[in-house]
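Participant: My structure file query08.cif, mmCIF, C-alpha atoms, is below:
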data_target
loop_
_atom_site.label_atom_id
_atom_site.label_comp_id
_atom_site.auth_asym_id
_atom_site.auth_seq_id
_atom_site.Cartn_x
_atom_site.Cartn_y
_atom_site.Cartn_z
CA MET A 232 83.54 113.24 71.71
CA PHE A 233 87.34 113.18 71.25
CA ASP A 234 87.52 109.40 71.20
CA PHE A 235 88.20 107.45 68.02
CA MET A 236 89.12 103.91 67.10
CA ILE A 237 92.55 102.72 68.15
CA ALA A 238 93.42 99.06 67.56
CA GLY A 239 89.73 98.41 66.94
CA VAL A 240 88.83 99.89 70.32
CA GLN A 241 86.88 103.08 71.02
CA ALA A 242 89.76 104.38 73.11
CA PRO A 243 89.41 107.26 75.56
CA ILE A 244 92.27 109.52 74.39
CA PHE A 245 92.22 111.66 77.51
CA LEU A 246 92.73 108.53 79.63
CA LEU A 247 95.66 107.34 77.52
CA VAL A 248 97.42 110.69 77.94
CA PHE A 249 96.48 110.71 81.64
CA VAL A 250 97.86 107.19 82.24
CA GLY A 251 101.05 108.09 80.36
CA PHE A 252 101.47 111.23 82.43
CA THR A 253 100.85 109.66 85.87
CA VAL A 254 102.94 106.55 85.22
CA GLY A 255 105.62 108.82 83.73
CA ILE A 256 105.87 110.72 87.00
CA VAL A 257 105.96 107.51 89.06
CA GLY A 258 108.44 105.80 86.71
CA GLY A 259 110.83 108.75 86.64
CA PHE A 260 110.69 109.03 90.42
CA ILE A 261 111.06 105.41 91.56
CA GLY A 262 112.80 104.02 88.46
CA VAL A 263 110.20 101.55 87.27
CA GLY A 264 108.57 101.04 83.89
CA GLY A 265 105.15 100.74 85.53
CA GLY A 266 104.03 97.79 83.40
CA TYR A 267 102.29 96.24 86.41
CA MET A 268 100.01 99.30 86.48
CA VAL A 269 99.68 100.16 82.78
CA THR A 270 98.89 96.73 81.28
CA PRO A 271 95.86 96.07 83.56
CA ALA A 272 94.69 99.66 82.93
CA LEU A 273 94.85 99.23 79.15
CA ILE A 274 92.95 95.94 79.40
CA VAL A 275 90.28 97.80 81.38
CA PHE A 276 90.14 100.43 78.61
CA GLY A 277 89.13 97.61 76.28
CA PHE A 278 92.41 96.66 74.57
CA PRO A 279 93.04 92.92 74.10
CA GLY A 280 95.72 91.55 76.47
CA TYR A 281 98.43 91.08 73.81
CA MET A 282 97.82 94.60 72.47
CA ALA A 283 97.93 96.08 76.00
CA SER A 284 101.25 94.38 76.60
CA GLY A 285 102.74 95.59 73.28
CA ILE A 286 101.54 99.19 73.67
CA ASP A 287 102.75 99.23 77.27
CA MET A 288 106.20 97.91 76.40
CA THR A 289 106.67 100.41 73.53
CA HIS A 290 105.59 103.33 75.70
CA ILE A 291 107.94 102.12 78.48
CA ALA A 292 110.88 102.13 76.05
CA GLY A 293 110.19 105.75 75.05
CA LYS A 294 109.50 106.93 78.56
CA GLY A 295 112.51 105.04 79.95
CA LEU A 296 114.76 106.82 77.43
CA VAL A 297 113.49 110.26 78.48
CA SER A 298 113.89 109.45 82.19
CA THR A 299 117.35 107.97 81.61
CA LEU A 300 118.55 111.09 79.79
CA ARG A 301 117.26 113.28 82.60
CA HIS A 302 118.82 111.07 85.32
CA ARG A 303 122.08 111.12 83.35
CA GLN A 304 122.06 114.92 83.58
CA LEU A 305 121.42 114.62 87.31
CA GLY A 306 124.40 112.24 87.69
CA ASN A 307 122.25 109.35 88.90
CA ILE A 308 123.52 106.63 86.58
CA ASP A 309 126.37 104.24 87.32
CA TRP A 310 127.20 102.77 83.92
CA THR A 311 129.55 100.09 85.32
CA LEU A 312 126.79 98.79 87.56
CA ALA A 313 124.15 99.02 84.82
CA LEU A 314 126.14 97.25 82.11
CA THR A 315 127.45 94.53 84.46
CA MET A 316 123.94 93.80 85.62
CA VAL A 317 122.48 93.64 82.11
CA ALA A 318 124.35 90.37 81.46
CA GLY A 319 122.87 88.73 84.57
CA THR A 320 119.43 90.14 83.85
CA MET A 321 119.30 88.61 80.35
CA LEU A 322 120.21 85.17 81.72
CA GLY A 323 117.69 85.55 84.55
CA VAL A 324 114.86 86.58 82.20
CA GLU A 325 115.52 83.53 80.01
CA LEU A 326 115.42 81.22 83.07
CA GLY A 327 112.25 82.94 84.30
CA VAL A 328 110.46 82.53 80.97
CA ARG A 329 111.43 78.82 80.82
CA THR A 330 110.10 78.28 84.35
CA LEU A 331 106.87 80.01 83.34
CA VAL A 332 106.53 77.70 80.32
CA TYR A 333 107.03 74.70 82.67
CA PHE A 334 104.13 75.84 84.89
CA LYS A 335 102.05 76.67 81.79
CA ASN A 336 102.45 73.07 80.60
CA LEU A 337 101.25 71.89 84.03
CA GLY A 338 98.19 74.15 83.56
CA ILE A 339 98.72 76.12 86.77
CA ALA A 340 100.60 79.16 85.42
CA GLY A 341 97.86 81.70 86.24
CA ILE A 342 97.56 80.78 89.92
CA VAL A 343 101.33 80.35 90.42
CA LEU A 344 101.97 83.75 88.81
CA LEU A 345 99.47 85.57 91.00
CA VAL A 346 100.63 83.83 94.21
CA THR A 347 104.30 84.57 93.40
CA SER A 348 103.43 88.21 92.60
CA VAL A 349 101.66 88.60 95.93
CA VAL A 350 104.46 86.95 97.95
CA VAL A 351 107.29 88.85 96.20
CA MET A 352 105.59 92.26 96.28
CA PHE A 353 104.39 91.91 99.87
CA SER A 354 107.83 90.76 101.12
CA LEU A 355 109.52 93.67 99.32
CA PHE A 356 106.93 96.09 100.71
CA LEU A 357 107.44 94.82 104.26
CA TYR A 358 111.24 95.06 104.17
CA THR A 359 111.29 98.43 102.36
CA GLN A 360 108.65 99.93 104.63
CA ILE A 361 110.29 98.78 107.89
CA GLU A 362 113.77 99.87 106.81
CA THR A 363 112.57 103.20 105.41
CA ARG A 364 110.69 104.06 108.61
CA ARG A 365 113.89 103.30 110.55
CA SER A 366 115.88 105.59 108.23
CA HIS A 367 113.17 108.27 108.48
CA ARG A 368 113.39 108.21 112.29
CA ALA A 369 117.22 108.33 112.16
CA LEU A 370 117.09 111.32 109.79
CA ASP A 371 114.58 113.02 112.07
CA VAL A 372 116.90 112.62 115.07
CA MET A 373 119.90 113.89 113.07
CA LYS A 374 117.90 116.90 111.89
CA LYS A 375 116.77 117.75 115.44
CA GLU A 376 120.37 117.50 116.65
CA GLY A 377 121.33 119.95 113.90
CA ARG A 378 123.71 117.50 112.24
CA GLN A 379 124.62 117.77 108.57
CA ILE A 380 122.70 115.22 106.50
CA GLY A 381 123.22 114.25 102.89
CA ARG A 382 120.63 113.02 100.45
CA GLU A 383 120.86 109.36 101.45
CA LEU A 384 120.62 107.21 104.54
CA HIS A 385 119.73 103.56 104.72
CA THR A 386 120.07 101.37 107.75
CA SER A 387 120.15 97.92 106.18
CA GLY A 388 123.11 95.70 107.12
CA LEU A 389 122.83 93.57 103.97
CA PRO A 390 125.09 95.71 101.69
CA LYS A 391 128.01 95.27 104.11
CA PHE A 392 127.64 91.50 103.91
CA PHE A 393 127.48 91.46 100.10
CA GLN A 394 130.35 93.94 99.74
CA SER A 395 132.51 91.75 101.99
CA ILE A 396 132.34 88.80 99.54
CA ASN A 397 135.88 88.75 98.20
CA LEU A 398 135.42 86.95 94.88
CA ALA A 399 137.48 88.26 91.93
CA PRO A 400 136.99 90.29 89.81
CA ILE A 401 136.14 93.13 92.16
CA VAL A 402 134.31 96.01 90.47
CA ARG A 403 134.69 99.65 91.49
CA CYS A 404 131.47 101.52 90.70
CA ARG A 405 132.65 105.13 90.90
CA THR A 406 129.32 106.98 90.67
CA ALA A 407 127.61 104.62 93.13
CA ARG A 408 130.73 104.68 95.35
CA VAL A 409 130.50 100.93 95.76
CA VAL A 410 133.28 98.35 95.61
CA VAL A 411 131.81 94.89 95.19
CA SER A 412 132.47 91.54 93.53
CA MET A 413 131.28 91.43 89.92
CA TRP A 414 129.57 88.11 90.74
CA VAL A 415 127.34 89.81 93.31
CA ILE A 416 126.09 92.28 90.66
CA VAL A 417 125.59 89.46 88.14
CA LEU A 418 123.75 87.37 90.76
CA VAL A 419 121.46 90.29 91.60
CA GLY A 420 120.82 90.64 87.85
CA VAL A 421 120.04 86.91 87.49
CA VAL A 422 117.67 86.78 90.49
CA THR A 423 115.79 89.99 89.62
CA GLY A 424 115.78 89.03 85.92
CA PHE A 425 114.38 85.60 86.80
CA LEU A 426 111.52 87.14 88.77
CA ALA A 427 110.90 89.71 86.02
CA GLY A 428 110.85 87.04 83.29
CA PHE A 429 108.67 84.73 85.37
CA LEU A 430 106.16 87.41 86.35
CA GLY A 431 106.18 88.97 82.86
CA VAL A 432 107.14 92.46 84.06
CA GLY A 433 110.10 94.79 83.52
CA GLY A 434 111.27 94.14 87.07
CA GLY A 435 112.11 97.68 88.16
CA PHE A 436 110.22 97.28 91.43
CA ILE A 437 112.47 94.29 92.26
CA ARG A 438 115.77 95.73 90.95
CA VAL A 439 115.64 99.10 92.71
CA PRO A 440 115.36 97.59 96.24
CA ALA A 441 117.96 94.95 95.25
CA LEU A 442 120.43 97.64 94.15
CA VAL A 443 119.89 99.55 97.40
CA TYR A 444 119.75 96.69 99.90
CA LEU A 445 122.06 94.12 98.31
CA VAL A 446 124.62 96.08 96.29
CA GLY A 447 124.58 99.15 98.56
CA ALA A 448 123.92 101.86 95.95
CA SER A 449 122.10 105.02 97.03
CA THR A 450 118.40 105.16 96.11
CA HIS A 451 118.97 107.92 93.52
CA ILE A 452 121.68 105.88 91.78
CA ALA A 453 119.51 102.74 91.96
CA VAL A 454 116.66 104.60 90.24
CA GLY A 455 118.85 106.03 87.45
CA THR A 456 120.75 102.78 86.92
CA ASP A 457 117.57 100.72 86.81
CA LEU A 458 116.14 103.01 84.14
CA VAL A 459 119.09 102.09 81.89
CA GLU A 460 118.05 98.44 82.27
CA ILE A 461 114.49 99.41 81.42
CA VAL A 462 115.59 101.10 78.18
CA PHE A 463 117.35 97.86 77.16
CA SER A 464 114.51 95.50 78.13
CA GLY A 465 111.75 97.90 76.99
CA GLY A 466 113.50 98.51 73.65
CA TYR A 467 113.89 94.80 72.98
CA GLY A 468 110.30 94.10 74.10
CA ALA A 469 108.98 96.92 71.89
CA LEU A 470 110.85 95.52 68.87
CA ARG A 471 109.54 91.99 69.47
CA HIS A 472 105.96 93.16 69.99
CA SER A 473 106.14 95.41 66.89
CA ILE A 474 107.30 92.49 64.74
CA GLU A 475 104.38 90.42 66.07
CA GLY A 476 101.97 93.27 65.25
CA HIS A 477 100.99 93.88 68.89
CA VAL A 478 101.63 97.63 68.84
CA ASP A 479 99.22 100.38 67.85
CA MET A 480 101.39 103.44 67.31
CA MET A 481 98.46 105.85 67.73
CA ALA A 482 97.90 104.65 71.30
CA VAL A 483 101.65 104.78 71.99
CA VAL A 484 101.87 108.36 70.68
CA PHE A 485 99.07 109.51 73.01
CA MET A 486 100.60 107.74 76.01
CA ILE A 487 104.09 109.02 75.29
CA SER A 488 102.83 112.59 74.86
CA GLY A 489 101.71 112.41 78.51
CA ALA A 490 104.71 110.37 79.64
CA LEU A 491 107.25 112.84 78.21
CA PHE A 492 106.10 115.51 80.67
CA GLY A 493 105.48 113.08 83.51
CA ALA A 494 108.89 111.43 83.21
CA GLN A 495 110.63 114.81 83.32
CA ILE A 496 108.71 115.87 86.44
CA GLY A 497 109.33 112.52 88.17
CA SER A 498 113.05 112.50 87.36
CA ILE A 499 113.60 116.11 88.40
CA ALA A 500 111.60 115.53 91.61
CA THR A 501 114.26 113.05 92.78
CA SER A 502 116.76 115.88 93.18
CA TYR A 503 114.49 117.60 95.73
CA VAL A 504 114.05 114.62 98.05
CA ARG A 505 116.22 112.30 100.12
CA GLY A 506 116.53 108.56 99.46
CA PRO A 507 113.91 107.42 102.03
CA ALA A 508 111.22 109.53 100.29
CA ILE A 509 111.77 107.56 97.07
CA ARG A 510 111.73 104.28 99.02
CA TYR A 511 108.45 105.26 100.71
CA VAL A 512 106.81 105.82 97.33
CA LEU A 513 108.22 102.51 96.10
CA SER A 514 106.83 100.67 99.12
CA TYR A 515 103.38 102.28 98.70
CA SER A 516 103.42 101.26 95.07
CA LEU A 517 104.22 97.69 96.14
CA ILE A 518 101.46 97.36 98.75
CA LEU A 519 98.78 98.80 96.45
CA ALA A 520 99.89 96.51 93.63
CA THR A 521 99.79 93.60 96.13
CA PHE A 522 96.17 94.39 97.03
CA GLY A 523 95.32 94.56 93.31
CA ALA A 524 96.96 91.15 92.75
CA VAL A 525 95.14 89.66 95.79
CA MET A 526 91.81 90.82 94.33
CA ARG A 527 92.66 89.28 90.95
CA LEU A 528 93.76 86.07 92.72
CA LEU A 529 90.47 85.88 94.66
CA TYR A 530 88.58 86.56 91.41
CA VAL A 531 90.34 83.60 89.75
CA LEU A 532 89.92 81.34 92.81
CA THR A 533 86.16 82.05 92.93
CA GLY A 534 85.81 80.88 89.32
CA GLN A 535 85.64 84.47 87.93
CA LYS A 536 82.04 84.77 89.14
CA VAL A 537 82.31 87.46 91.83
CA GLU A 538 82.33 90.56 89.62
CA TRP A 539 83.00 93.11 92.36
CA LEU A 540 86.44 91.56 93.03
CA SER A 541 87.45 92.38 89.46
CA LEU A 542 86.00 95.86 89.86
CA VAL A 543 87.98 96.49 93.07
CA ALA A 544 91.17 95.35 91.28
CA VAL A 545 90.45 97.93 88.54
CA MET A 546 89.85 100.69 91.11
CA LEU A 547 93.07 99.80 92.89
CA THR A 548 95.07 99.91 89.65
CA LEU A 549 93.73 103.32 88.61
CA GLY A 550 93.71 104.62 92.20
CA GLU A 551 97.32 103.52 92.70
CA MET A 552 98.52 105.56 89.72
CA ILE A 553 96.68 108.66 90.91
CA PHE A 554 97.77 108.20 94.53
CA LEU A 555 101.47 107.79 93.73
CA CYS A 556 101.38 110.73 91.34
CA LEU A 557 99.72 112.97 93.95
CA PHE A 558 102.12 111.83 96.69
CA ILE A 559 105.16 112.68 94.53
CA CYS A 560 103.69 116.07 93.55
CA SER A 561 102.95 116.78 97.25
CA LEU A 562 106.55 115.98 98.18
CA LEU A 563 107.75 118.30 95.43
CA TYR A 564 105.43 121.06 96.67
CA PHE A 565 106.55 120.57 100.29
CA ALA A 566 110.20 120.61 99.20
CA TRP A 567 109.60 123.95 97.45
CA ARG A 568 107.86 125.37 100.56
CA ASN A 569 110.64 124.04 102.80
CA LYS A 570 113.27 125.76 100.65
CA ARG A 571 111.35 129.04 100.98
CA GLY A 572 111.15 128.61 104.76
CA ASP A 573 107.35 128.19 104.75
CA TRP A 574 105.50 125.77 107.02
CA VAL A 575 105.68 122.08 106.12
CA PRO A 576 104.52 119.06 108.15
CA ASP A 577 107.15 117.71 110.57
CA TRP A 578 107.29 114.29 108.89
CA VAL A 579 108.23 115.90 105.58
CA LYS A 580 111.29 117.81 106.84
CA PRO A 581 113.71 114.84 106.99
CA LEU A 582 112.50 113.59 103.62
CA VAL A 583 113.12 116.69 101.49
CA MET A 584 116.35 118.52 100.72
CA SER A 585 116.72 121.78 102.54
CA MET B 232 112.83 133.94 108.23
CA VAL B 233 109.29 133.66 109.56
CA VAL B 234 107.81 130.16 109.66
CA LYS B 235 104.03 130.46 109.43
CA ALA B 236 101.97 128.01 111.49
CA LYS B 237 99.12 126.13 109.87
CA GLY B 238 95.60 126.16 111.37
CA ASN B 239 94.77 123.94 114.35
CA GLY B 240 92.31 121.10 114.70
CA VAL B 241 91.43 118.03 112.72
CA MET B 242 92.76 119.32 109.38
CA LYS B 243 96.18 119.90 110.88
CA TRP B 244 96.28 116.30 112.13
CA TRP B 245 95.47 114.98 108.66
CA ILE B 246 98.37 116.89 107.14
CA ASN B 247 100.81 116.74 110.03
CA SER B 248 100.52 112.98 110.47
CA MET B 249 102.08 110.90 107.74
CA TRP B 250 99.35 108.26 108.02
CA GLY B 251 96.64 110.94 107.96
CA PHE B 252 98.07 112.49 104.81
CA TRP B 253 98.48 109.05 103.26
CA LEU B 254 94.85 108.20 104.03
CA VAL B 255 93.46 111.48 102.67
CA LEU B 256 95.36 111.04 99.39
CA LEU B 257 94.37 107.39 99.11
CA VAL B 258 90.66 108.06 99.66
CA PHE B 259 90.77 110.94 97.16
CA SER B 260 92.61 108.80 94.58
CA LEU B 261 90.23 105.86 94.92
CA GLY B 262 87.29 108.27 94.64
CA LEU B 263 88.73 109.77 91.46
CA ALA B 264 89.38 106.27 90.10
CA THR B 265 85.75 105.35 90.79
CA ALA B 266 84.57 108.52 89.01
CA ILE B 267 86.78 107.74 85.99
CA TYR B 268 85.36 104.22 85.90
CA TYR B 269 81.74 105.38 85.93
CA VAL B 270 82.27 108.25 83.46
CA TRP B 271 84.47 106.56 80.83
CA LEU B 272 84.92 102.87 81.42
CA LYS B 273 81.68 101.26 82.56
CA GLY B 274 80.65 98.78 79.91
CA ASN B 275 84.18 98.25 78.58
CA ILE B 276 85.08 95.57 81.13
#
Output the file's structure in the form of structure tokens.
Facilitator:
Amino acid sequence: MFDFMIAGVQAPIFLLVFVGFTVGIVGGFIGVGGGYMVTPALIVFGFPGYMASGIDMTHIAGKGLVSTLRHRQLGNIDWTLALTMVAGTMLGVELGVRTLVYFKNLGIAGIVLLVTSVVVMFSLFLYTQIETRRSHRALDVMKKEGRQIGRELHTSGLPKFFQSINLAPIVRCRTARVVVSMWVIVLVGVVTGFLAGFLGVGGGFIRVPALVYLVGASTHIAVGTDLVEIVFSGGYGALRHSIEGHVDMMAVVFMISGALFGAQIGSIATSYVRGPAIRYVLSYSLILATFGAVMRLLYVLTGQKVEWLSLVAVMLTLGEMIFLCLFICSLLYFAWRNKRGDWVPDWVKPLVMS
Amino acid sequence: MVVKAKGNGVMKWWINSMWGFWLVLLVFSLGLATAIYYVWLKGNI
């Protein structure tokens, strides 16, 4: 009854606002644009693929800006790290797009893309999940021993290795409290940019773990800093798509109206939790997106004849957004109860600020 | 400060175990996604 034509599609307005809101919360919390969730959702709503991509990118630019401003207020952005990495990211994206064109000419781009997505997302999930559980246990022990704990703990040994590379110029990132070779930051930008350009996504879900596990930034700083990158890439993408006529502003307005609130909630929620809580949500996002990609891969491999595989992929995409949003809101609620001294589950205590 | 205990039994396990909580939320989310699909989206795909 409230639906009307957007981009030639009878678009469900409530769903556009709902998707904007849920992905806004997730994006503000784990520092991703959420394109890997939004674009498939918009296609399911009936938008053509190119339109879905354009609307998604424009909404990401707006939402990224809101989240960035909020994270700036929270002191979660390291500008040195962000601006140094942008240079590497641009080069990486260009290399990624060229590699994609190479596979497209061979006629195997679709399969290669899906297989790469599955491998990259599952590997990142596995490492993030294992490391985060280790950190969670360590925090639990520290809490039981009554030791003072800050908002971050990660147990990976990789940052020490990368920080020990003594290749001039050495960059001092004051907010992130990291001293590292500029070439390491640029390399991280190139690699994550390559994957982002190749997979056709913003790349936040690759950059955040890279900033934490390779550069050694805290999760909060990684989230804020990555959002700066998203404003750059989203802004450029939105401009390009607008010029090509791939953007329907009406759809963007509805999505952003939800995202404005969601992004605020997600960004503010980061100040009530410790680093491992953010990494847990990131890893859940990765495994659910992996399952969605596996279903799409199976659908393609079976000649697009088994309809229920496509349906399961749709359910996973929508379900993932709702699940992540509910998990973040639950953490926020538990953090509030914990602050008041009310009962919270034992597993939550090391994850929220007291 | 008084810390109130939650009720015993199966419900407590679901909330007090991380995996239990995870599973409850996931099942609820997928159920809601299915409902959204059948109410608004069926026929669009």
Participant: Could you state the separation of atom CA of Gly489 of chain A and atom CA of Val248 of chain A in Å, given to one decimal place?
Facilitator: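 Taking atom CA of Gly489 of chain A and atom CA of Val248 of chain A, their separation equals 4.7 Å.
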Participant: Using all atoms listed in the file, I'd like every residue of chain A that has an atom within 6 Å of chain B; please write them out as a list of chain:residue names.
Facilitator: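 Close to chain B, chain A has A:Val275, A:Gly277, A:Met546, A:Leu549, A:Gly550, A:Ile553, A:Phe554, A:Asp573, A:Trp574, A:Pro576.
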Participant: Kindly give the distance, in Å, that separates atom CA of Ile452 of chain A and atom CA of Val439 of chain A, rounded to a single decimal.
Facilitator: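 Pair atom CA of Ile452 of chain A / atom CA of Val439 of chain A returns 9.1 Å.
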Participant: The PyMOL selection byres ((chain A and resi 364) around 10) on the file shown: which residues, as a ChimeraX atom specification?
Facilitator: /A:359-363,365-370,385-386,507-508,510-511
Participant: Check what the PyMOL selection byres ((chain A and resi 493-500) around 6) selects in the file above and give those residues as a short mmCIF file (atom, residue, chain, number, x, y, z; two decimals) with C-alpha atoms, in the coordinates of the input.
Facilitator:
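Below is the file expr39.cif, written as the result:
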data_model
loop_
_atom_site.label_atom_id
_atom_site.label_comp_id
_atom_site.auth_asym_id
_atom_site.auth_seq_id
_atom_site.Cartn_x
_atom_site.Cartn_y
_atom_site.Cartn_z
CA PHE A 252 101.47 111.23 82.43
CA GLY A 255 105.62 108.82 83.73
CA ILE A 256 105.87 110.72 87.00
CA GLY A 259 110.83 108.75 86.64
CA PHE A 260 110.69 109.03 90.42
CA SER A 298 113.89 109.45 82.19
CA ALA A 490 104.71 110.37 79.64
CA LEU A 491 107.25 112.84 78.21
CA PHE A 492 106.10 115.51 80.67
CA THR A 501 114.26 113.05 92.78
CA SER A 502 116.76 115.88 93.18
CA TYR A 503 114.49 117.60 95.73
#
Participant: With distances taken over all atoms listed in the file, which of A:Trp578, A:Asp457, A:Lys294, A:Gly264 is nearest to Gly251 of chain B?
Facilitator: A:Trp578
Participant: Let me have the centre and edge lengths in Å, one decimal, of the box along x, y and z around every listed atom of segment 245-257 of chain B with 8 Å of margin on each side, as lines of an AutoDock Vina configuration file.
Facilitator:
center_x = 97.8
center_y = 112.1
center_z = 104.8
size_x = 24.6
size_y = 25.5
size_z = 27.4
Participant: Could you pull the residues within 12 Å of Arg405 of chain A, counting only C-alpha atoms, minus those fewer than 2 positions along the same chain, as a PyMOL selection string?
Facilitator: chain A and resi 306-312+402-403+407-411+448+452
